[in-house]
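For reference, the structure discussed in these notes is given below.
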Protein chains: 2
Amino acid sequence: MSYIGTLNYQWAFSLINYFALHGVTQAVISPGSRSTPLALACEKHPDITTWIQIDERSAGFFALGLAQQECKPVILICTSGSAVTHWFPAVVEANHSYTPLLLLSADRPVELQHCGANQTIDQNFLFGSHVRDSISLEHADETLLKNNWITLQAYGKSLNRKPGPVHINIPFREPLLPRRFIAEELNRFIGQLSEQIITTDTLAIQSSTSRLTIAKTTLQLLTQKLETGNGIIICGRLTTQEHKEFAIRLPELAEKLNCPVLLDPLSMQRFAQSPSAHFIYNYDHFLKQHLTHSNNDNNPFTPDWVMRFGQFPVSKNLMRYLQHLECHNILINSFGEWLDPIHKANTLLHTSPAELCKQLLNNPLKANQPSCLNQWQEADRKAEDKIQHTLETLPLLFEGHVISALLKSIPDNSFLFSGNSMAIRDFDTFITRSSASGKNLAFFGNRGVSGIDGNLSTFLGLLANGQQSKKRLSHNKCYGVALLGDLSFYHDMNGLLMCKNLAAMGYNATILLLNNSGGGIFNYLPQAQLDDFDKLWKTDTGLDFQHSAKLYGLDYLRIESTEELESKLPDVFTQSGIQLVEIIIDQKTSVECHKQI
Amino acid sequence: MSYIGTLNYQWAFSLINYFALHGVTQAVISPGSRSTPLALACEKHPDITTWIQIDERSAGFFALGLAQQECKPVILICTSGSAVTHWFPAVVEANHSYTPLLLLSADRPVELQHCGANQTIDQNFLFGSHVRDSISLEHADETLLKNNWITLQAYGKSLNRKPGPVHINIPFREPLLPRRFIAEELNRFIGQLSEQIITTDTLAIQSSTSRLTIAKTTLQLLTQKLETGNGIIICGRLTTQEHKEFAIRLPELAEKLNCPVLLDPLSMQRFAQSPSAHFIYNYDHFLKQHLTHSNNDNNPFTPDWVMRFGQFPVSKNLMRYLQHLECHNILINSFGEWLDPIHKANTLLHTSPAELCKQLLNNPLKANQPSCLNQWQEADRKAEDKIQHTLETLPLLFEGHVISALLKSIPDNSFLFSGNSMAIRDFDTFITRSSASGKNLAFFGNRGVSGIDGNLSTFLGLLANGQQSKKRLSHNKCYGVALLGDLSFYHDMNGLLMCKNLAAMGYNATILLLNNSGGGIFNYLPQAQLDDFDKLWKTDTGLDFQHSAKLYGLDYLRIESTEELESKLPDVFTQSGIQLVEIIIDQKTSVECHKQI
């Protein structure tokens with residue numbers, strides 16, 4: 001039998017190698033001793049780029065961001081004990097946002113379980129129902145080295161059918177390293193081992209997922225339904241994978257059906273290079289007025305059918321509007337999920353949005369007659385004018401100005417990341433047709449579970465991705481801008497540790513921190529009436545985030561007025577490195593401005 | 001039926017009131033909307049002190065610290081979704097350190113589950129095998145208001161038999177607040193509701209745990225064993241509850257048996273006001289030499305029996321020593337746990353350490369003849385002299401100097417908190433009989449799972465506890481000193497948000513940050529030989545923690561030499577508020593100094 005330290009390394013490297021053979025290119029590692037074989041195997045593998053983040057919680061979200069840009073599994077590695085549990089917030093977000101993650105937790109061997117050993121907890125099934133699969137590997141074993149089917153299954157489960165996190169728990173016995181006593185020799189030996197495994201072991205099981213084609217009868221029924229009267233399409237967040245082809249098909253379908261398409265900001269379609277005339281942006285603004293008209297047959301805002309793609313949209317007014325409608329609701333979901341918190345769906349089509357569009361476009365399909373499109377376009381235009389006018393007449397700085405200025409000066413082909421709570425709602429309100437037009441921006445947000453956690457790390461993961469594969473060093477790096485509130489910023493400050501690295505590697509990005517002294521969203525809830533509001537809900541941190549910028553070596557700029565915003569923000573986006581721009585917003589002003597809009 | 005908002009509040013208040021009736025006095029709340037009834041009920045209850053911490057991860061560890069001082073359950077409250085998952089690291093530590101926590105997670109109602117609703121995940125059984133119980137409550141219900149047996153059971157399960165965390169998941173339907181439209185009236189109404197519930201509902205189920213008395217035959221067998229020859233007692237970490245009476249009995253037992261007692265730093269006994277002559281401190285230092293002598297009958301370091309209390313000790317040399325011994329191993333554990341990672345125990349006595357001492361002391365028991373005590377004492381003295389001498393002759397600043405200086409100037413009756421990795425091992429080495437004598441310090445560390453996470457929050461929770469019950473505002477506040485490394489400090493910086501509050505309330509404490517530029521403990525592992533050592537294991541954050549002090553409003557002092565340490569440290573402990581002292585330690589110097597010792 002081989003020496004355990006050597007076997008441990010071979011075992012770990014073969015596992016990582018299988019993932020690499022399938023195209024995995026990124027690993028995020030939190031330091032530890034027990035995870036030594038895994039960390040070293042990633043570092044030594046020529047096709048894996050390694051990222052180090054000491055805080056496992058931030059590491060989890062950084063990996064989430066990396067994985068979301070391409071919808072490709074990313075490896076996470078940490079040591080045994082409580083370390084693993086810090087991944088949990090990112091795991092639930094990955095579960096609900098269909099983000100593939102390979103969670104490789106090192107564990108202590110069976111003889112150290114359940115006997116009070118250090119840094120040892122029960123790591124099996126640690127993430128319960130929140131992972132696609134929980135695999136508990138045995139100790140390193142020579143017979144399994146060349147046929148590691150279980151890890152390949154894990155890869156498949158993270159990616160196929162419903163992408164998401166897969167947990168693989170891997171116990172290691174000591175010694176954790178091969179036995180070479182001179183440092184130089186040990187380094188060389190590990191290098192040789194790695195090469196051996198790569199060259200001799202290139203066979204990998206392939207799995208393929210069939211296209212989810214729609215049965216002919218289903219398609220006929222759907223076509224009939226769509227032809228019966230007026231309808232609207234609603235487009236929520238999709239995975240990057242789903243988005244690609246759909247972005248081309250959707251405008252074609254809208255044209256063919258001649259119906260309005262309501263675009264959630266996370267649908268990414270608002271920033272299309274040449275947006276369709278059918279796209280509607282500011283429904284959140286004007287749908288408030290149409291809640292009570294649902295029984296009027298001639299009302300253009302009472303459609304006969306609603307077709308919904310992706311996750312449920314952000315807008316509360318859209319939600320209320322849909323709740324009031326009595327019409328046929330069709331959900332299209334790639335993963336067969338009923339994403340329907342209002343319980344209005346009559347039909348779920350388990351197929352990809354792009355596939356559905358293709359099928360509908362390949363069949364004869366009459367356009368909506370008479371179309372309600374004009375009225376929707378008209379309402380959208382009016383809403384945009386109103387928003388634009390209000391922005392111009394409100395002198396005091398609030399979120400609307402920030403988004404407006406941001407969209408004016410952000411470089412084309414960048415990506416945006418939105419925090420939750422107020423940030424995403426403000427994007428929903430203030431991304432209008434003209435402010436978004438022609439920008440070709442990608443748009444992200446953690447809307448799986450919509451937490452205020454892990455936002456900075458997810459953003460930095462999105463920033464880092466796709467550019468750093470050792471094979472593709474020449475790729476251009478994408479500029480990124482994050483917009484988030486002070487509570488979200490505070491929650492994941494540890495994530496900023498990655499900034500120094502990223503800046504040194506030539507990444508450029510800006511974090512816009514909307515500091516409105518606590519939980520701004522709570523101002524719109526009844527809790528705001530209570531004596532205990534400031535203490536229990538608003539929870540102003542009182543922190544001067546300038547020090548945070550200094551701690552992590554970020555360039556810092558503070559903006560306190562609309563004048564400063566307009567004069568200073570455009571320059572920020574031309575700077576290199578990672579900028580923190582703190583924008584001070586008075587909560588009372590903000591509430592008043594939002595009410596005016 | 002009552003209005004849902006009113007019922008929600010009554011439901012939450014009655015639940016909190018039951019806990020309060022049983023003596024729960026503290027709640028740690030992370031802000032959110034869904035948790036409104038719970039947060040408000042805690043805030044309105046006259047016997048509950050509320051603490052706000054935005055980051056649920058730090059909140060979890062802060063509650064852990066609060067609970068550990070008195071071994072009394074502490075309430076945690078957060079909103080639905082990913083928020084709950086941030087408690088996981090503190091939950092596993094609480095599980096393994098026997099710390100009672102009541103985890104009250106607010107949840108969305110059943111109609112918003114499994115349909116893509118915002119901030120909604122499957123929260124049932126979220127913490128798997130790591131909690132004593134997982135209780136999924138129904139929605140607020142009038143019939144259960146006055147007989148909430150399930151919450152009482154939860155209280156009991158968190159505290160009795162084996163203390164630990166209990167998870168109670170509580171769904172709430174909207175509206176979350178009672179219906180009063182004028183703020184003033186709403187506040188008054190909520191106040192009235194609370195009073196009503198407190199006054200009409202004072203009945204509470206009582207549960208009592210029997211003392212774990214030892215069967216006579218067992219005691220006879222044990223007595224026989226202890227009388228057969230020489231033995232040693234080893235004392236590891238106990239809960240505060242277990243410690244109290246045991247601290248009095250242990251010296252009496254040692255005297256009666258005339259045997260050495262090896263004290264782990266977390267046993268707290270090293271800091272006893274008048275330490276027994278039987279206590280041995282520096283076994284980690286001298287046991288290295290006694291590993292190979294196990295077959296020599298006349299060797300005083302080859303006992304016939306070993307009696308072990310509490311958790312397995314920190315010292316690796318002690319572990320190796322015990323692994324080499326062939327003798328009878330008796331474990332005493334209050335919770336019936338085999339805490340024996342070396343698999344040497346022959347007997348487990350499921351009883352409290354104090355109870356065992358009492359029983360043995362009440363029975364005739366011959367002292368060890370001839371006793372090996374003298375030789376152990378002699379070895380301990382020599383080790384102490386060696387340590388003292390080395391400390392005096394090593395000119396360059398390293399951890400030993402810090403602990404020595406700390407013990408010299410820390411005020412009596414304070415408490416110490418040790419970080420994991422190097423900090424606790426250095427305490428183990430450098431707390432000698434003379435440096436510890438007469439200090440009467442309490443000593444804590446997160447040794448359930450020994451993570452580098454949550455250390456600052458646990459420390460601040462320990463600091464805050466017991467002093468802030470609204471009924472006992474006059475209590476003196478205990479001075480606290482934490483000693484931890486830079487990776488541990490970085491990992492839980494968010495926890496420092498509590499400092500401003502604590503300082504304003506008159507708490508005084510010092511955080512000693514041993515900055516040795518990354519994971520110092522890894523220097524002692526074979527990984528240190530590898531080319532990738534700096535990147536994968538040492539992981540220097542490169543942060544200037546001065547900015548962190550500024551961010552959180554701490555007083556800051558930097559120490560870089562033994563001279564500065566000796567001249568400046570004593571003054572630090574006389575300052576009010578919370579001080580951060582960053583002590584710069586060169587890793588190479590540190591490794592060399594440790595090797596000399």
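Chain labels follow the order of the structure tokens: the first chain is A, the next B, and so on; residue numbering restarts at 1 in every chain, and ligands are counted from 1 in their shown order.
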| field | Residue contacts of Gly164 in chain B (9 Å, only C-alpha atoms) excluding same-chain residues fewer than 3 positions away, as a PyMOL selection string | value | chain B and resi 73+91+94-102+130-132+157-160
Write a file of the selected residues as a PDB file, in the first residue's frame, keeping N, CA and C atoms.
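Saved to selection20.pdb:
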```
ATOM      1  N   PRO B  73     -29.775  29.839  29.259  1.00  0.00           N
ATOM      2  CA  PRO B  73     -30.130  30.023  27.844  1.00  0.00           C
ATOM      3  C   PRO B  73     -30.286  31.490  27.464  1.00  0.00           C
ATOM      4  N   VAL B  91     -23.855  27.800  16.333  1.00  0.00           N
ATOM      5  CA  VAL B  91     -24.647  26.631  16.743  1.00  0.00           C
ATOM      6  C   VAL B  91     -23.744  25.416  16.957  1.00  0.00           C
ATOM      7  N   ALA B  94     -21.819  25.944  20.110  1.00  0.00           N
ATOM      8  CA  ALA B  94     -22.703  25.768  21.274  1.00  0.00           C
ATOM      9  C   ALA B  94     -22.990  24.287  21.516  1.00  0.00           C
ATOM     10  N   ASN B  95     -23.197  23.557  20.435  1.00  0.00           N
ATOM     11  CA  ASN B  95     -23.431  22.118  20.529  1.00  0.00           C
ATOM     12  C   ASN B  95     -22.275  21.431  21.254  1.00  0.00           C
ATOM     13  N   HIS B  96     -21.059  21.760  20.849  1.00  0.00           N
ATOM     14  CA  HIS B  96     -19.900  21.043  21.392  1.00  0.00           C
ATOM     15  C   HIS B  96     -19.359  21.641  22.683  1.00  0.00           C
ATOM     16  N   SER B  97     -19.791  22.856  23.003  1.00  0.00           N
ATOM     17  CA  SER B  97     -19.327  23.449  24.276  1.00  0.00           C
ATOM     18  C   SER B  97     -20.450  23.426  25.306  1.00  0.00           C
ATOM     19  N   TYR B  98     -21.580  22.768  24.979  1.00  0.00           N
ATOM     20  CA  TYR B  98     -22.692  22.619  25.917  1.00  0.00           C
ATOM     21  C   TYR B  98     -23.237  23.971  26.365  1.00  0.00           C
ATOM     22  N   THR B  99     -23.445  24.842  25.398  1.00  0.00           N
ATOM     23  CA  THR B  99     -23.946  26.175  25.707  1.00  0.00           C
ATOM     24  C   THR B  99     -25.413  26.280  25.292  1.00  0.00           C
ATOM     25  N   PRO B 100     -26.292  26.617  26.234  1.00  0.00           N
ATOM     26  CA  PRO B 100     -27.723  26.668  25.901  1.00  0.00           C
ATOM     27  C   PRO B 100     -28.086  27.918  25.107  1.00  0.00           C
ATOM     28  N   LEU B 101     -28.689  27.721  23.953  1.00  0.00           N
ATOM     29  CA  LEU B 101     -29.154  28.846  23.126  1.00  0.00           C
ATOM     30  C   LEU B 101     -30.578  28.538  22.668  1.00  0.00           C
ATOM     31  N   LEU B 102     -31.399  29.566  22.610  1.00  0.00           N
ATOM     32  CA  LEU B 102     -32.755  29.420  22.086  1.00  0.00           C
ATOM     33  C   LEU B 102     -32.814  30.175  20.759  1.00  0.00           C
ATOM     34  N   HIS B 130     -27.095  19.174  14.856  1.00  0.00           N
ATOM     35  CA  HIS B 130     -26.293  20.060  15.707  1.00  0.00           C
ATOM     36  C   HIS B 130     -27.089  20.819  16.749  1.00  0.00           C
ATOM     37  N   VAL B 131     -28.387  20.533  16.839  1.00  0.00           N
ATOM     38  CA  VAL B 131     -29.204  21.147  17.897  1.00  0.00           C
ATOM     39  C   VAL B 131     -29.830  20.038  18.737  1.00  0.00           C
ATOM     40  N   ARG B 132     -30.190  20.372  19.960  1.00  0.00           N
ATOM     41  CA  ARG B 132     -30.820  19.380  20.841  1.00  0.00           C
ATOM     42  C   ARG B 132     -32.216  19.046  20.347  1.00  0.00           C
ATOM     43  N   LYS B 157     -35.001  21.519  27.074  1.00  0.00           N
ATOM     44  CA  LYS B 157     -34.038  20.783  26.254  1.00  0.00           C
ATOM     45  C   LYS B 157     -32.740  21.543  26.047  1.00  0.00           C
ATOM     46  N   SER B 158     -32.805  22.872  26.098  1.00  0.00           N
ATOM     47  CA  SER B 158     -31.593  23.668  25.918  1.00  0.00           C
ATOM     48  C   SER B 158     -30.721  23.610  27.159  1.00  0.00           C
ATOM     49  N   LEU B 159     -31.326  23.240  28.302  1.00  0.00           N
ATOM     50  CA  LEU B 159     -30.614  23.399  29.568  1.00  0.00           C
ATOM     51  C   LEU B 159     -30.371  22.093  30.308  1.00  0.00           C
ATOM     52  N   ASN B 160     -31.340  21.200  30.253  1.00  0.00           N
ATOM     53  CA  ASN B 160     -31.226  19.992  31.072  1.00  0.00           C
ATOM     54  C   ASN B 160     -30.358  18.936  30.401  1.00  0.00           C
TER      55      ASN B 160
END
```
| request: Could you please select, counting only C-alpha atoms, the residues of chain B within 7 Å of chain A and state them as JSON, numbers by chain? | output: {"B": [31, 32, 55, 81, 82, 85, 86, 88, 89, 92, 112, 115, 116, 117, 118, 119, 120, 126, 128, 183, 187, 312, 338, 339, 340, 341, 449, 450, 451, 491, 529, 530, 531, 536, 537, 543, 544, 545, 547, 548, 550, 551, 552]}
| request: Would you mind reading off the distance between CA of Cys42 in chain B and CA of Asp141 in chain B, one decimal, in Å? | output: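 Separation between CA of Cys42 in chain B and CA of Asp141 in chain B: 19.3 Å.
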| query | If you run DSSP on this backbone, which residues of range 11-86 of chain B come out as strand (DSSP E), and could you give them as a ChimeraX atom specification? | reply | /B:26-29,49-52,74-78
| request: Looking only at helix (DSSP H, G or I) from DSSP on the backbone, list the matching residues of range 142-267 of chain B as a PyMOL selection string. | output: chain B and resi 142-144+149-159+183-200+216-227+240-257+265-267
Mind checking which residues fall within 12 Å of Leu263 in chain B, counting only C-alpha atoms, ignoring those fewer than 2 positions away in the same chain, and posting them as a PDB file with N, CA and C atoms, in the first residue's frame?
```
ATOM      1  N   ILE B 232      -2.904   9.898  38.230  1.00  0.00           N
ATOM      2  CA  ILE B 232      -2.919  11.347  38.001  1.00  0.00           C
ATOM      3  C   ILE B 232      -4.336  11.765  37.592  1.00  0.00           C
ATOM      4  N   ILE B 233      -4.653  12.991  37.962  1.00  0.00           N
ATOM      5  CA  ILE B 233      -5.936  13.573  37.562  1.00  0.00           C
ATOM      6  C   ILE B 233      -5.659  14.601  36.470  1.00  0.00           C
ATOM      7  N   ILE B 234      -6.503  14.601  35.445  1.00  0.00           N
ATOM      8  CA  ILE B 234      -6.360  15.607  34.386  1.00  0.00           C
ATOM      9  C   ILE B 234      -7.664  16.378  34.286  1.00  0.00           C
ATOM     10  N   CYS B 235      -7.522  17.664  34.228  1.00  0.00           N
ATOM     11  CA  CYS B 235      -8.707  18.493  34.291  1.00  0.00           C
ATOM     12  C   CYS B 235      -8.787  19.405  33.073  1.00  0.00           C
ATOM     13  N   GLY B 236      -9.800  19.155  32.214  1.00  0.00           N
ATOM     14  CA  GLY B 236      -9.988  19.978  31.013  1.00  0.00           C
ATOM     15  C   GLY B 236     -11.108  20.983  31.198  1.00  0.00           C
ATOM     16  N   ARG B 237     -11.556  21.556  30.109  1.00  0.00           N
ATOM     17  CA  ARG B 237     -12.616  22.562  30.155  1.00  0.00           C
ATOM     18  C   ARG B 237     -13.931  21.962  30.659  1.00  0.00           C
ATOM     19  N   LEU B 238     -14.572  22.663  31.559  1.00  0.00           N
ATOM     20  CA  LEU B 238     -15.912  22.323  32.021  1.00  0.00           C
ATOM     21  C   LEU B 238     -16.826  23.517  31.737  1.00  0.00           C
ATOM     22  N   ALA B 247     -14.625  23.299  41.626  1.00  0.00           N
ATOM     23  CA  ALA B 247     -13.439  24.085  41.975  1.00  0.00           C
ATOM     24  C   ALA B 247     -13.114  23.957  43.459  1.00  0.00           C
ATOM     25  N   LEU B 250     -12.180  19.733  44.048  1.00  0.00           N
ATOM     26  CA  LEU B 250     -11.003  19.133  43.404  1.00  0.00           C
ATOM     27  C   LEU B 250      -9.756  19.159  44.286  1.00  0.00           C
ATOM     28  N   PRO B 251      -9.415  20.324  44.896  1.00  0.00           N
ATOM     29  CA  PRO B 251      -8.211  20.319  45.743  1.00  0.00           C
ATOM     30  C   PRO B 251      -8.330  19.338  46.913  1.00  0.00           C
ATOM     31  N   PRO B 260      -0.915  14.123  41.651  1.00  0.00           N
ATOM     32  CA  PRO B 260      -0.832  15.364  40.875  1.00  0.00           C
ATOM     33  C   PRO B 260      -2.111  15.607  40.081  1.00  0.00           C
ATOM     34  N   VAL B 261      -2.418  16.870  39.886  1.00  0.00           N
ATOM     35  CA  VAL B 261      -3.580  17.252  39.072  1.00  0.00           C
ATOM     36  C   VAL B 261      -3.081  18.124  37.933  1.00  0.00           C
ATOM     37  N   PRO B 265      -5.439  24.940  30.691  1.00  0.00           N
ATOM     38  CA  PRO B 265      -5.772  26.343  31.005  1.00  0.00           C
ATOM     39  C   PRO B 265      -7.282  26.571  31.076  1.00  0.00           C
ATOM     40  N   LEU B 266      -8.061  25.841  30.269  1.00  0.00           N
ATOM     41  CA  LEU B 266      -9.511  26.062  30.244  1.00  0.00           C
ATOM     42  C   LEU B 266     -10.230  25.427  31.424  1.00  0.00           C
ATOM     43  N   SER B 267      -9.490  24.687  32.249  1.00  0.00           N
ATOM     44  CA  SER B 267     -10.103  24.152  33.467  1.00  0.00           C
ATOM     45  C   SER B 267     -10.398  25.294  34.440  1.00  0.00           C
ATOM     46  N   MET B 268      -9.799  26.437  34.201  1.00  0.00           N
ATOM     47  CA  MET B 268      -9.907  27.649  35.037  1.00  0.00           C
ATOM     48  C   MET B 268      -9.195  27.515  36.382  1.00  0.00           C
ATOM     49  N   GLN B 269      -8.791  26.277  36.738  1.00  0.00           N
ATOM     50  CA  GLN B 269      -8.235  26.071  38.073  1.00  0.00           C
ATOM     51  C   GLN B 269      -6.835  26.672  38.225  1.00  0.00           C
ATOM     52  N   ARG B 270      -6.164  26.902  37.115  1.00  0.00           N
ATOM     53  CA  ARG B 270      -4.819  27.479  37.232  1.00  0.00           C
ATOM     54  C   ARG B 270      -4.854  28.843  37.915  1.00  0.00           C
ATOM     55  N   PHE B 271      -6.007  29.503  37.774  1.00  0.00           N
ATOM     56  CA  PHE B 271      -6.105  30.857  38.330  1.00  0.00           C
ATOM     57  C   PHE B 271      -6.819  30.892  39.673  1.00  0.00           C
ATOM     58  N   ALA B 272      -6.902  29.728  40.326  1.00  0.00           N
ATOM     59  CA  ALA B 272      -7.576  29.679  41.625  1.00  0.00           C
ATOM     60  C   ALA B 272      -6.907  30.652  42.600  1.00  0.00           C
ATOM     61  N   PRO B 275      -4.143  28.246  44.964  1.00  0.00           N
ATOM     62  CA  PRO B 275      -3.990  26.994  44.219  1.00  0.00           C
ATOM     63  C   PRO B 275      -3.389  25.884  45.084  1.00  0.00           C
ATOM     64  N   SER B 276      -3.914  24.686  44.894  1.00  0.00           N
ATOM     65  CA  SER B 276      -3.425  23.522  45.633  1.00  0.00           C
ATOM     66  C   SER B 276      -1.985  23.209  45.245  1.00  0.00           C
ATOM     67  N   HIS B 278      -0.964  20.404  44.782  1.00  0.00           N
ATOM     68  CA  HIS B 278      -1.045  19.245  43.892  1.00  0.00           C
ATOM     69  C   HIS B 278      -1.184  19.655  42.419  1.00  0.00           C
ATOM     70  N   PHE B 279      -1.478  20.898  42.196  1.00  0.00           N
ATOM     71  CA  PHE B 279      -1.717  21.351  40.818  1.00  0.00           C
ATOM     72  C   PHE B 279      -0.418  21.395  40.017  1.00  0.00           C
ATOM     73  N   ILE B 280      -0.475  20.879  38.811  1.00  0.00           N
ATOM     74  CA  ILE B 280       0.678  20.869  37.909  1.00  0.00           C
ATOM     75  C   ILE B 280       0.333  21.722  36.696  1.00  0.00           C
ATOM     76  N   TYR B 281       1.203  22.659  36.341  1.00  0.00           N
ATOM     77  CA  TYR B 281       0.902  23.641  35.289  1.00  0.00           C
ATOM     78  C   TYR B 281       1.613  23.343  33.968  1.00  0.00           C
ATOM     79  N   ASN B 282       2.903  23.028  34.048  1.00  0.00           N
ATOM     80  CA  ASN B 282       3.704  23.058  32.817  1.00  0.00           C
ATOM     81  C   ASN B 282       4.079  21.675  32.291  1.00  0.00           C
ATOM     82  N   TYR B 283       3.128  20.758  32.423  1.00  0.00           N
ATOM     83  CA  TYR B 283       3.330  19.392  31.911  1.00  0.00           C
ATOM     84  C   TYR B 283       3.613  19.385  30.414  1.00  0.00           C
ATOM     85  N   ASP B 284       3.025  20.356  29.679  1.00  0.00           N
ATOM     86  CA  ASP B 284       3.258  20.388  28.231  1.00  0.00           C
ATOM     87  C   ASP B 284       4.753  20.493  27.954  1.00  0.00           C
ATOM     88  N   ARG B 308      -9.861  11.559  34.171  1.00  0.00           N
ATOM     89  CA  ARG B 308      -9.969  12.773  33.347  1.00  0.00           C
ATOM     90  C   ARG B 308     -11.332  13.435  33.487  1.00  0.00           C
ATOM     91  N   PHE B 309     -11.311  14.723  33.796  1.00  0.00           N
ATOM     92  CA  PHE B 309     -12.538  15.509  33.897  1.00  0.00           C
ATOM     93  C   PHE B 309     -12.658  16.461  32.708  1.00  0.00           C
ATOM     94  N   GLY B 310     -13.863  16.592  32.195  1.00  0.00           N
ATOM     95  CA  GLY B 310     -14.140  17.617  31.180  1.00  0.00           C
ATOM     96  C   GLY B 310     -13.564  17.297  29.809  1.00  0.00           C
ATOM     97  N   GLN B 311     -13.407  18.341  29.014  1.00  0.00           N
ATOM     98  CA  GLN B 311     -12.961  18.146  27.632  1.00  0.00           C
ATOM     99  C   GLN B 311     -11.487  17.748  27.564  1.00  0.00           C
ATOM    100  N   PHE B 312     -11.132  17.158  26.445  1.00  0.00           N
ATOM    101  CA  PHE B 312      -9.745  16.746  26.249  1.00  0.00           C
ATOM    102  C   PHE B 312      -8.850  17.994  26.248  1.00  0.00           C
ATOM    103  N   PRO B 313      -7.703  17.922  26.906  1.00  0.00           N
ATOM    104  CA  PRO B 313      -6.875  19.137  27.053  1.00  0.00           C
ATOM    105  C   PRO B 313      -6.221  19.588  25.741  1.00  0.00           C
ATOM    106  N   VAL B 314      -5.739  20.814  25.779  1.00  0.00           N
ATOM    107  CA  VAL B 314      -5.129  21.457  24.614  1.00  0.00           C
ATOM    108  C   VAL B 314      -3.777  20.844  24.254  1.00  0.00           C
ATOM    109  N   SER B 315      -2.990  20.506  25.232  1.00  0.00           N
ATOM    110  CA  SER B 315      -1.579  20.135  25.035  1.00  0.00           C
ATOM    111  C   SER B 315      -1.378  18.892  24.164  1.00  0.00           C
ATOM    112  N   LEU B 318       0.808  16.327  26.066  1.00  0.00           N
ATOM    113  CA  LEU B 318       0.010  15.541  27.002  1.00  0.00           C
ATOM    114  C   LEU B 318      -0.736  14.433  26.246  1.00  0.00           C
ATOM    115  N   ASP B 380       7.608  20.196  37.452  1.00  0.00           N
ATOM    116  CA  ASP B 380       6.851  21.415  37.189  1.00  0.00           C
ATOM    117  C   ASP B 380       7.671  22.658  37.559  1.00  0.00           C
ATOM    118  N   PHE B 427      -0.963  30.226  25.957  1.00  0.00           N
ATOM    119  CA  PHE B 427      -1.458  30.291  27.337  1.00  0.00           C
ATOM    120  C   PHE B 427      -1.074  29.018  28.084  1.00  0.00           C
ATOM    121  N   ASP B 428      -1.251  27.877  27.415  1.00  0.00           N
ATOM    122  CA  ASP B 428      -0.938  26.597  28.037  1.00  0.00           C
ATOM    123  C   ASP B 428       0.526  26.578  28.481  1.00  0.00           C
ATOM    124  N   THR B 429       1.398  27.087  27.632  1.00  0.00           N
ATOM    125  CA  THR B 429       2.831  27.073  27.950  1.00  0.00           C
ATOM    126  C   THR B 429       3.208  28.111  29.009  1.00  0.00           C
ATOM    127  N   ILE B 431       1.296  30.098  31.188  1.00  0.00           N
ATOM    128  CA  ILE B 431       0.662  30.274  32.504  1.00  0.00           C
ATOM    129  C   ILE B 431       1.353  29.326  33.469  1.00  0.00           C
ATOM    130  N   THR B 432       2.214  29.847  34.289  1.00  0.00           N
ATOM    131  CA  THR B 432       2.925  29.030  35.270  1.00  0.00           C
ATOM    132  C   THR B 432       2.295  29.274  36.644  1.00  0.00           C
ATOM    133  N   ARG B 433       2.712  28.467  37.591  1.00  0.00           N
ATOM    134  CA  ARG B 433       2.175  28.625  38.944  1.00  0.00           C
ATOM    135  C   ARG B 433       2.378  30.053  39.459  1.00  0.00           C
TER     136      ARG B 433
END
```
| message | as a PyMOL selection string, please: the residues near Lys358 in chain B (cut-off 10 Å, only C-alpha atoms, same-chain neighbours under 6 positions excluded). | response | chain B and resi 245-246+249-250+252-253+352
| task | Skip range 11-23 of chain A itself and residues of its chain fewer than 6 positions away, then list as a ChimeraX atom specification all residues within 6 Å of it, counting only C-alpha atoms. | result | /A:37-38,41,140,145
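Our summary of the geometry notes that CA of Ser517 in chain A is positioned 11.3 Å from CA of Ser590 in chain A.
Using only C-alpha atoms, the contacts of Cys478 in chain B at a cut-off of 8 Å, with sequence neighbours closer than 6 positions omitted, comprise Asn413, Ser414, Phe415, Leu463, Tyr507 and Asn508 of chain B.
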| said: If we count only C-alpha atoms and set the cut-off at 10 Å, which residues sit around Glu227 in chain B, ignoring sequence neighbours fewer than 2 positions away in its own chain? Please answer as number ranges by chain. | reply: B: 221-225, 229-231, 257, 304-305, 365-369
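The two atoms in question, CA of Thr589 in chain A and CA of Ser409 in chain A, are spaced 24.3 Å apart.
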